[in-house]
file protein-v5.pdb (PDB, C-alpha atoms)
ATOM      1  CA  MET X   1      84.135  37.567   0.983
ATOM      2  CA  SER X   2      80.383  38.224   0.916
ATOM      3  CA  GLU X   3      78.837  39.153  -2.396
ATOM      4  CA  HIS X   4      78.088  42.840  -2.729
ATOM      5  CA  VAL X   5      74.364  43.461  -3.218
ATOM      6  CA  ARG X   6      73.658  46.589  -5.223
ATOM      7  CA  PRO X   7      70.872  48.742  -3.797
ATOM      8  CA  ARG X   8      67.712  48.941  -5.865
ATOM      9  CA  SER X   9      67.302  52.002  -8.047
ATOM     10  CA  ARG X  10      64.386  54.351  -7.553
ATOM     11  CA  ILE X  11      62.577  52.929 -10.589
ATOM     12  CA  GLN X  12      63.106  49.377  -9.314
ATOM     13  CA  GLN X  13      61.671  50.305  -5.922
ATOM     14  CA  LYS X  14      58.744  52.032  -7.627
ATOM     15  CA  ASN X  15      57.990  49.038  -9.863
ATOM     16  CA  ARG X  16      58.186  46.583  -6.976
ATOM     17  CA  GLN X  17      55.687  48.692  -5.034
ATOM     18  CA  ILE X  18      53.367  48.959  -8.060
ATOM     19  CA  ILE X  19      53.405  45.168  -8.336
ATOM     20  CA  LEU X  20      52.782  44.677  -4.623
ATOM     21  CA  ASP X  21      49.903  47.181  -4.613
ATOM     22  CA  ALA X  22      48.289  45.516  -7.623
ATOM     23  CA  ALA X  23      48.797  42.041  -6.168
ATOM     24  CA  LEU X  24      47.277  43.116  -2.865
ATOM     25  CA  ARG X  25      44.083  44.191  -4.634
ATOM     26  CA  GLU X  26      43.897  40.939  -6.572
ATOM     27  CA  PHE X  27      44.703  38.633  -3.638
ATOM     28  CA  ALA X  28      42.298  40.479  -1.322
ATOM     29  CA  ALA X  29      39.495  40.127  -3.874
ATOM     30  CA  ARG X  30      40.196  36.638  -5.250
ATOM     31  CA  GLY X  31      42.352  34.853  -2.663
ATOM     32  CA  PHE X  32      45.657  33.171  -3.399
ATOM     33  CA  ALA X  33      44.287  30.287  -5.482
ATOM     34  CA  GLY X  34      42.073  32.564  -7.565
ATOM     35  CA  THR X  35      44.824  35.003  -8.511
ATOM     36  CA  THR X  36      47.278  34.560 -11.383
ATOM     37  CA  ILE X  37      50.456  36.320 -12.438
ATOM     38  CA  ASP X  38      48.603  37.445 -15.580
ATOM     39  CA  GLN X  39      45.959  39.172 -13.445
ATOM     40  CA  ILE X  40      48.631  40.827 -11.314
ATOM     41  CA  SER X  41      50.556  42.051 -14.358
ATOM     42  CA  GLU X  42      47.362  43.413 -15.916
ATOM     43  CA  ALA X  43      46.411  45.193 -12.682
ATOM     44  CA  ALA X  44      49.947  46.601 -12.374
ATOM     45  CA  ARG X  45      49.979  47.597 -16.070
ATOM     46  CA  LEU X  46      53.314  45.857 -16.461
ATOM     47  CA  SER X  47      54.207  42.951 -18.705
ATOM     48  CA  LYS X  48      54.290  39.457 -17.212
ATOM     49  CA  PRO X  49      58.076  39.148 -17.846
ATOM     50  CA  ASN X  50      58.550  42.483 -16.097
ATOM     51  CA  VAL X  51      56.615  41.265 -13.041
ATOM     52  CA  LEU X  52      58.659  38.048 -12.991
ATOM     53  CA  TYR X  53      61.858  40.093 -13.202
ATOM     54  CA  TYR X  54      61.049  41.555  -9.779
ATOM     55  CA  PHE X  55      59.401  38.501  -8.216
ATOM     56  CA  ALA X  56      60.193  34.912  -9.146
ATOM     57  CA  SER X  57      56.610  33.698  -8.718
ATOM     58  CA  LYS X  58      53.118  34.421  -7.465
ATOM     59  CA  GLU X  59      54.157  32.752  -4.206
ATOM     60  CA  ALA X  60      57.053  35.193  -3.791
ATOM     61  CA  ILE X  61      54.734  38.187  -4.168
ATOM     62  CA  TYR X  62      52.223  36.718  -1.744
ATOM     63  CA  SER X  63      54.903  35.894   0.828
ATOM     64  CA  GLN X  64      56.237  39.459   0.653
ATOM     65  CA  LEU X  65      52.761  40.861   1.215
ATOM     66  CA  LEU X  66      52.127  38.567   4.192
ATOM     67  CA  GLU X  67      55.483  39.405   5.764
ATOM     68  CA  THR X  68      54.838  43.140   5.491
ATOM     69  CA  LEU X  69      51.274  42.703   6.747
ATOM     70  CA  LEU X  70      52.299  40.742   9.835
ATOM     71  CA  ASP X  71      54.856  43.382  10.807
ATOM     72  CA  LEU X  72      52.122  46.009  10.497
ATOM     73  CA  TRP X  73      49.450  43.948  12.278
ATOM     74  CA  LEU X  74      51.604  42.944  15.266
ATOM     75  CA  ALA X  75      53.266  46.304  15.901
ATOM     76  CA  PRO X  76      50.486  47.662  18.200
ATOM     77  CA  LEU X  77      50.634  44.565  20.427
ATOM     78  CA  HIS X  78      54.419  44.781  20.642
ATOM     79  CA  ILE X  79      54.229  48.296  22.099
ATOM     80  CA  MET X  80      51.733  47.487  24.864
ATOM     81  CA  ASP X  81      53.724  48.766  27.850
ATOM     82  CA  PRO X  82      53.744  46.749  31.115
ATOM     83  CA  ALA X  83      54.686  49.949  32.938
ATOM     84  CA  GLY X  84      51.751  51.890  31.529
ATOM     85  CA  GLU X  85      48.275  52.442  32.929
ATOM     86  CA  PRO X  86      46.407  49.196  32.153
ATOM     87  CA  LYS X  87      43.136  50.522  30.818
ATOM     88  CA  GLU X  88      44.903  53.151  28.708
ATOM     89  CA  GLN X  89      47.212  50.526  27.232
ATOM     90  CA  ILE X  90      44.382  48.156  26.329
ATOM     91  CA  LEU X  91      42.243  50.936  24.857
ATOM     92  CA  ALA X  92      45.228  52.236  22.880
ATOM     93  CA  TYR X  93      45.741  48.758  21.460
ATOM     94  CA  MET X  94      42.085  48.530  20.498
ATOM     95  CA  HIS X  95      42.151  51.941  18.789
ATOM     96  CA  SER X  96      45.366  51.048  16.934
ATOM     97  CA  LYS X  97      43.779  47.851  15.631
ATOM     98  CA  LEU X  98      40.647  49.741  14.571
ATOM     99  CA  ALA X  99      42.789  52.333  12.769
ATOM    100  CA  LEU X 100      44.620  49.553  10.915
ATOM    101  CA  SER X 101      41.273  48.139   9.778
ATOM    102  CA  ARG X 102      40.207  51.586   8.598
ATOM    103  CA  ASP X 103      43.462  52.433   6.822
ATOM    104  CA  PHE X 104      44.421  48.984   5.487
ATOM    105  CA  PRO X 105      41.185  47.110   4.682
ATOM    106  CA  GLN X 106      42.660  45.169   1.771
ATOM    107  CA  GLU X 107      45.518  43.942   3.944
ATOM    108  CA  SER X 108      42.997  42.812   6.562
ATOM    109  CA  ARG X 109      41.011  40.887   3.954
ATOM    110  CA  LEU X 110      44.205  39.318   2.621
ATOM    111  CA  PHE X 111      44.988  38.043   6.115
ATOM    112  CA  ALA X 112      41.405  36.822   6.594
ATOM    113  CA  ASN X 113      41.518  34.939   3.277
ATOM    114  CA  GLU X 114      44.751  33.235   4.275
ATOM    115  CA  ILE X 115      43.264  32.167   7.614
ATOM    116  CA  LEU X 116      40.116  30.840   5.906
ATOM    117  CA  GLN X 117      42.318  28.707   3.660
ATOM    118  CA  GLY X 118      43.903  27.092   6.704
ATOM    119  CA  ALA X 119      46.850  29.523   6.894
ATOM    120  CA  PRO X 120      49.324  27.228   5.074
ATOM    121  CA  ARG X 121      51.810  30.064   4.645
ATOM    122  CA  LEU X 122      51.372  31.385   8.180
ATOM    123  CA  GLU X 123      51.256  28.186  10.214
ATOM    124  CA  ALA X 124      54.802  28.504  11.568
ATOM    125  CA  ILE X 125      54.300  32.158  12.501
ATOM    126  CA  LEU X 126      50.873  31.654  14.078
ATOM    127  CA  GLY X 127      52.110  28.790  16.237
ATOM    128  CA  GLY X 128      55.444  30.422  16.966
ATOM    129  CA  GLY X 129      55.987  34.189  16.968
ATOM    130  CA  LEU X 130      52.353  35.214  17.272
ATOM    131  CA  ARG X 131      51.582  32.738  20.037
ATOM    132  CA  ALA X 132      54.685  33.797  21.979
ATOM    133  CA  LEU X 133      53.750  37.468  21.665
ATOM    134  CA  VAL X 134      50.165  36.846  22.802
ATOM    135  CA  GLU X 135      51.416  34.770  25.752
ATOM    136  CA  GLU X 136      53.747  37.600  26.754
ATOM    137  CA  LYS X 137      51.036  40.269  26.639
ATOM    138  CA  ALA X 138      48.409  38.009  28.221
ATOM    139  CA  ALA X 139      50.804  37.574  31.154
ATOM    140  CA  VAL X 140      51.103  41.371  31.436
ATOM    141  CA  ILE X 141      47.311  41.753  31.453
ATOM    142  CA  ALA X 142      46.962  38.939  34.004
ATOM    143  CA  GLN X 143      49.454  40.712  36.255
ATOM    144  CA  TRP X 144      47.428  43.927  36.054
ATOM    145  CA  MET X 145      44.398  41.911  37.131
ATOM    146  CA  GLU X 146      46.301  40.334  40.020
ATOM    147  CA  GLU X 147      47.244  43.824  41.170
ATOM    148  CA  GLY X 148      43.569  44.836  41.128
ATOM    149  CA  ARG X 149      44.113  47.513  38.483
ATOM    150  CA  ILE X 150      41.502  46.147  36.053
ATOM    151  CA  ALA X 151      38.656  43.665  36.354
ATOM    152  CA  ARG X 152      39.347  39.959  35.954
ATOM    153  CA  VAL X 153      38.602  38.586  32.495
ATOM    154  CA  ASP X 154      40.387  35.943  30.448
ATOM    155  CA  PRO X 155      43.376  37.850  29.001
ATOM    156  CA  HIS X 156      43.677  35.653  25.902
ATOM    157  CA  HIS X 157      40.025  36.107  24.993
ATOM    158  CA  LEU X 158      40.317  39.820  25.716
ATOM    159  CA  ILE X 159      43.004  40.088  23.018
ATOM    160  CA  ILE X 160      41.054  37.850  20.632
ATOM    161  CA  SER X 161      37.907  39.926  21.158
ATOM    162  CA  ILE X 162      39.814  43.067  20.162
ATOM    163  CA  TRP X 163      40.899  41.346  16.946
ATOM    164  CA  ALA X 164      37.330  40.263  16.205
ATOM    165  CA  LEU X 165      35.636  43.552  17.033
ATOM    166  CA  THR X 166      38.068  45.712  15.072
ATOM    167  CA  GLN X 167      38.978  43.616  12.028
ATOM    168  CA  HIS X 168      35.306  42.875  11.347
ATOM    169  CA  TYR X 169      34.898  46.475  10.177
ATOM    170  CA  ALA X 170      37.433  45.854   7.397
ATOM    171  CA  ASP X 171      36.655  42.256   6.509
ATOM    172  CA  PHE X 172      32.885  42.843   6.358
ATOM    173  CA  GLU X 173      32.967  46.477   5.260
ATOM    174  CA  ILE X 174      30.223  46.046   2.639
ATOM    175  CA  GLN X 175      27.893  44.514   5.240
ATOM    176  CA  ILE X 176      28.688  47.242   7.778
ATOM    177  CA  ARG X 177      27.988  50.038   5.292
ATOM    178  CA  ALA X 178      24.802  48.328   4.078
ATOM    179  CA  VAL X 179      23.478  48.149   7.635
ATOM    180  CA  LEU X 180      24.529  51.651   8.725
ATOM    181  CA  GLY X 181      23.853  53.456   5.469
ATOM    182  CA  PRO X 182      26.031  55.910   3.527
ATOM    183  CA  ASP X 183      25.748  58.895   5.882
ATOM    184  CA  ARG X 184      27.299  57.366   8.999
ATOM    185  CA  ALA X 185      30.972  57.064   9.972
ATOM    186  CA  PRO X 186      31.458  53.398  10.931
ATOM    187  CA  PHE X 187      34.966  53.670  12.307
ATOM    188  CA  ASP X 188      34.310  56.804  14.369
ATOM    189  CA  GLU X 189      31.175  55.246  15.807
ATOM    190  CA  ALA X 190      32.959  51.953  16.430
ATOM    191  CA  GLY X 191      35.762  53.736  18.266
ATOM    192  CA  ALA X 192      33.312  55.406  20.633
ATOM    193  CA  PHE X 193      31.271  52.231  21.143
ATOM    194  CA  LEU X 194      34.271  49.967  21.760
ATOM    195  CA  THR X 195      35.831  52.474  24.149
ATOM    196  CA  HIS X 196      32.631  52.408  26.203
ATOM    197  CA  LEU X 197      32.439  48.612  25.964
ATOM    198  CA  TYR X 198      35.991  47.953  27.164
ATOM    199  CA  GLU X 199      35.872  50.655  29.832
ATOM    200  CA  ARG X 200      32.811  48.920  31.294
ATOM    201  CA  LEU X 201      34.362  45.465  30.908
ATOM    202  CA  LEU X 202      37.614  46.410  32.625
ATOM    203  CA  ALA X 203      36.215  48.655  35.361
ATOM    204  CA  GLN X 204      36.763  47.515  38.921
TER
END
call {"tool": "encode", "arguments": {"input": "protein-v5.pdb", "output": "structure tokens"}}
result
Amino acid sequence: MSEHVRPRSRIQQKNRQIILDAALREFAARGFAGTTIDQISEAARLSKPNVLYYFASKEAIYSQLLETLLDLWLAPLHIMDPAGEPKEQILAYMHSKLALSRDFPQESRLFANEILQGAPRLEAILGGGLRALVEEKAAVIAQWMEEGRIARVDPHHLIISIWALTQHYADFEIQIRAVLGPDRAPFDEAGAFLTHLYERLLAQ
């Protein structure tokens, strides 16, 4: 007989989310190595024993954040539809990635920090699930090119370029705002610019 797992109470769910939100801010700012449970508990305004009641370790909190982040980050690529209009699908993916950078900048920086550290906690996913997903969608894009529906470019580098050109606005937000100044809307402008860029790139 399997052990019955009691559902978390509302206060337990709330406290877990408070801890995760606080940890996200700390990890995004300091990286994994530079963040301690004490810093997370202080940021969450909960005692250290209380934090450890919900999560067994700093590693457990970090792993939960990465798991949630990857689900969020990969969702737009999953929904790229082989039956859709190619240019619309690629532009929709680009805009979804840009929106994620706008709405979840700390999550983007957390991911970037993990990659810069050699991705020790993501290695299996990057070489497994992510690679398989990119291969699947690159094959879809290549088929659209074979059918003459969009211009021929390397489909893998097309996907990678979308990552680079959208996530940069989150990961280097301070630089972007310093260059553009306080009165401009970086993400709105980026959306218009990247739409024009990819429409030109993919035009037959």
call {"tool": "closest_residue", "arguments": {"input": "protein-v5.pdb", "among": "X:Ala119, X:Ala29, X:Leu133, X:Leu20", "to": "Pro76 (chain X)", "atoms": "all atoms listed in the file"}}
result
X:Leu133
call {"tool": "atom_distance", "arguments": {"input": "protein-v5.pdb", "atom1": "CA of Ala28 (chain X)", "atom2": "CA of Ala43 (chain X)"}}
result
13.0 Å
call {"tool": "closest_residue", "arguments": {"input": "protein-v5.pdb", "among": "X:Lys137, X:Arg152, X:Arg102, X:Arg45", "to": "Asp171 (chain X)", "atoms": "only C-alpha atoms"}}
result
X:Arg102
call {"tool": "closest_atom_pairs", "arguments": {"input": "protein-v5.pdb", "of": "region 110-180 of chain X", "to": "region 54-73 of chain X", "cutoff": "12 Å", "atoms": "all atoms listed in the file", "output": "JSON lines"}}
result
{"residue": "X:Leu110", "atom": "CA", "partner": "X:Leu66", "partner_atom": "CA", "distance": 8.1}
{"residue": "X:Phe111", "atom": "CA", "partner": "X:Leu66", "partner_atom": "CA", "distance": 7.4}
{"residue": "X:Ala112", "atom": "CA", "partner": "X:Leu66", "partner_atom": "CA", "distance": 11.1}
{"residue": "X:Asn113", "atom": "CA", "partner": "X:Leu66", "partner_atom": "CA", "distance": 11.2}
{"residue": "X:Glu114", "atom": "CA", "partner": "X:Leu66", "partner_atom": "CA", "distance": 9.1}
{"residue": "X:Ile115", "atom": "CA", "partner": "X:Leu66", "partner_atom": "CA", "distance": 11.5}
{"residue": "X:Ala119", "atom": "CA", "partner": "X:Leu66", "partner_atom": "CA", "distance": 10.8}
{"residue": "X:Pro120", "atom": "CA", "partner": "X:Ser63", "partner_atom": "CA", "distance": 11.1}
{"residue": "X:Arg121", "atom": "CA", "partner": "X:Ser63", "partner_atom": "CA", "distance": 7.6}
{"residue": "X:Leu122", "atom": "CA", "partner": "X:Leu66", "partner_atom": "CA", "distance": 8.2}
{"residue": "X:Ile125", "atom": "CA", "partner": "X:Leu70", "partner_atom": "CA", "distance": 9.2}
{"residue": "X:Leu126", "atom": "CA", "partner": "X:Leu70", "partner_atom": "CA", "distance": 10.1}
{"residue": "X:Gly129", "atom": "CA", "partner": "X:Leu70", "partner_atom": "CA", "distance": 10.4}
{"residue": "X:Leu130", "atom": "CA", "partner": "X:Leu70", "partner_atom": "CA", "distance": 9.3}
{"residue": "X:Trp163", "atom": "CA", "partner": "X:Trp73", "partner_atom": "CA", "distance": 10.1}
{"residue": "X:Thr166", "atom": "CA", "partner": "X:Trp73", "partner_atom": "CA", "distance": 11.9}
{"residue": "X:Gln167", "atom": "CA", "partner": "X:Trp73", "partner_atom": "CA", "distance": 10.5}
call {"tool": "closest_residue", "arguments": {"input": "protein-v5.pdb", "among": "X:Lys97, X:Arg25, X:Arg109, X:His78", "to": "Ala138 (chain X)", "atoms": "all atoms listed in the file"}}
result
X:His78
call {"tool": "resolve_selection", "arguments": {"input": "protein-v5.pdb", "expression": "the PyMOL selection byres ((chain X and resi 79) around 10)", "output": "list in words"}}
result
Leu74, Ala75, Pro76, Leu77, His78, Met80, Asp81, Pro82, Gln89, Ala92, Tyr93 and Lys137 of chain X
call {"tool": "axis_aligned_box", "arguments": {"input": "protein-v5.pdb", "around": "region 132-142 of chain X", "padding_each_side": "4 Å", "output": "AutoDock Vina command-line options"}}
result
--center_x 50.8 --center_y 37.8 --center_z 27.8 --size_x 15.7 --size_y 16.0 --size_z 20.3
call {"tool": "residues_around", "arguments": {"input": "protein-v5.pdb", "residues": "Thr35 (chain X)", "least_positions_apart": "5", "cutoff": "7 Å", "atoms": "all atoms listed in the file", "output": "PyMOL selection string"}}
result
chain X and resi 26-27+30
call {"tool": "residues_around", "arguments": {"input": "protein-v5.pdb", "residues": "Ile19 (chain X)", "least_positions_apart": "4", "cutoff": "7 Å", "atoms": "all atoms listed in the file", "output": "ChimeraX atom specification"}}
result
/X:15,23,44,51
call {"tool": "atom_distance", "arguments": {"input": "protein-v5.pdb", "atom1": "CA of Arg149 (chain X)", "atom2": "CA of Glu189 (chain X)"}}
result
27.2 Å
call {"tool": "resolve_selection", "arguments": {"input": "protein-v5.pdb", "expression": "the PyMOL selection byres ((chain X and resi 150) around 8)", "output": "short mmCIF file (atom, residue, chain, number, x, y, z; two decimals) with C-alpha atoms, keeping the file's coordinate frame"}}
result
data_model
loop_
_atom_site.label_atom_id
_atom_site.label_comp_id
_atom_site.auth_asym_id
_atom_site.auth_seq_id
_atom_site.Cartn_x
_atom_site.Cartn_y
_atom_site.Cartn_z
CA PRO X 86 46.41 49.20 32.15
CA LYS X 87 43.14 50.52 30.82
CA TRP X 144 47.43 43.93 36.05
CA MET X 145 44.40 41.91 37.13
CA GLY X 148 43.57 44.84 41.13
CA ARG X 149 44.11 47.51 38.48
CA ALA X 151 38.66 43.66 36.35
CA ARG X 152 39.35 39.96 35.95
CA LEU X 202 37.61 46.41 32.62
CA ALA X 203 36.22 48.66 35.36
CA GLN X 204 36.76 47.52 38.92
#
call {"tool": "residues_around", "arguments": {"input": "protein-v5.pdb", "residues": "Leu201 (chain X)", "least_positions_apart": "3", "cutoff": "12 Å", "atoms": "all atoms listed in the file", "output": "list in words"}}
result
Lys87, Ile90, Leu91, Ile150, Ala151, Arg152, Val153, Asp154, Pro155, Leu158, Ser161, Leu194, Thr195, His196, Leu197, Tyr198 and Gln204 of chain X
call {"tool": "residues_near_point", "arguments": {"input": "protein-v5.pdb", "point": "(35.9, 46.6, 4.5)", "cutoff": "8 Å", "atoms": "only C-alpha atoms", "output": "JSON, numbers by chain"}}
result
{"X": [101, 102, 105, 106, 109, 168, 169, 170, 171, 172, 173, 174, 176]}
call {"tool": "atom_distance", "arguments": {"input": "protein-v5.pdb", "atom1": "CA of Ala83 (chain X)", "atom2": "CA of Leu98 (chain X)"}}
result
23.1 Å
